[in-house]
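Worksheet: one structure, shown below.
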Amino acid sequence: MLSCPVWQQSHTQALTMCGRARLIANGAAEEDLAESAQACILCGSCEPLCPRGMDTQRATLSLRQQLVKRGLLQVIGTHHRSRQTGQVRSEALFLPGQTLRDHKPVLEQCERLLGNRVLCAADDGTDICHDLECGTEIDDKRLEDFLAPLRDAREIIASDGMMVNFLSTLLGPKVRVRGLGQALLESAQVRRGIKRTDLYIIETRTFNGRRGELVMQYESLRQKTGCFMNLDLHRVATPTGAMSAQYRMNHQALVSVEAQIKWLLEGRSAERIVVEHLEDGAAFRKHTSLPVVHLAEVAEP
Ligand code: SF4
């Protein structure tokens, strides 16, 4: 519970995953959980610390879905359907997401670092991720069209943590699904570019969902470079909150992104912010005067 940004900002146990689990154990009805389900930003910070080993992100998604279906939860917002412009088929596919597509030089740098073998997918499935996060029904035909080229791939790299977790569950162990940060950190050029005075912001949904697998990779990077990271004492990644549907859709939110950023900077004399996801970068630009770069941009020759 202590790692939860909703707890840190509201100090209301009932609004945390821990509170939801306790309410259920005490016989609460689904409708009693609506406010709590809405408050969650799905950062996954509670998942690595759950004493019962619950898949907390998935539990909240499924609760939201039930509540929306019964009309007990307000939908956070609708997302325009992604425009499909054909399909790209390859053994290795990259789903950059709309924000990265809107920043062409950064996208091109990501593609250079990932290498020729990895092709950029035509469809990011951003609308599917949004439906999933908001608890609205995903259209079967749309989902099948999106998944068709991905089923042939052996490797998928996605910048959206929600998509990484969703595809890992859906496609099973035959397809290696990774976050963009994890993939870019394989490049020595990128690792060399991280400085001691950087605050490195890990994309939390992917990291917290598979912390056991990733923690040593990040810990060794932190030790080698001496940089600051958004990891707490339990090595759980702390979110800015900028990835949440509430923030992206300008919806009423309990978690203030500005307060999260203030907290992340506290006691850290960072001179530059390095982000794995551009949404986090935009939030730092809005609330601080520090220079912000995407992980791909730090690569040294
Ligand atoms: S996913 Fe994040 S916001 Fe939601 S309950 Fe867990 S820690 Fe709190």
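Chain labels follow the order of the structure tokens: the first chain is A, the next B, and so on; residue numbering restarts at 1 in every chain, and ligands are counted from 1 in their shown order.
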
Env. residues ligand 1 / 6 Å / only C-alpha atoms and all ligand atoms / as an MDAnalysis selection string: chainID A and resid 3:6 16:17 40:46 57

Would you pick out the contacts of range 62-76 of chain A at 7 Å or less, using only C-alpha atoms, so that residues sharing its chain but fewer than 5 positions from it are not included, and give the list as a PDB file with C-alpha atoms, in the first residue's frame?
ATOM      1  CA  GLU A  31     -20.505  -1.109  -6.570  1.00  0.00           C
ATOM      2  CA  ALA A  34     -16.225   1.869  -7.982  1.00  0.00           C
ATOM      3  CA  ALA A  37     -11.288   1.301  -9.212  1.00  0.00           C
ATOM      4  CA  CYS A 134     -11.082   2.259 -19.238  1.00  0.00           C
ATOM      5  CA  GLY A 135     -12.975  -1.027 -18.934  1.00  0.00           C
ATOM      6  CA  THR A 136     -14.906  -0.576 -22.176  1.00  0.00           C
ATOM      7  CA  ALA A 245      -5.970   7.470 -18.941  1.00  0.00           C
ATOM      8  CA  GLN A 246      -7.209   9.982 -16.336  1.00  0.00           C
ATOM      9  CA  HIS A 251     -10.333  13.486 -16.510  1.00  0.00           C
TER      10      HIS A 251
END

Contacts of range 116-128 of chain A within 10 Å, only C-alpha atoms, excl. fewer than 2 positions in-chain, as a ChimeraX atom specification: /A:78-98,101,107,111-114,130-134,136-139,142-143,145-147,149-150,155-160,162-163,166

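With distances restricted to only C-alpha atoms, A:Ile273 is the closest residue to Val298 in chain A from A:Ile273, A:Ala282, A:Ala237, A:Val164.
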
Given only C-alpha atoms as the counted atoms, nearest of A:Glu258, A:Glu276, A:Glu271, A:Glu203 to Pro239 in chain A: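 Looking at the shortest contact to Pro239 in chain A, the residue is A:Glu203.
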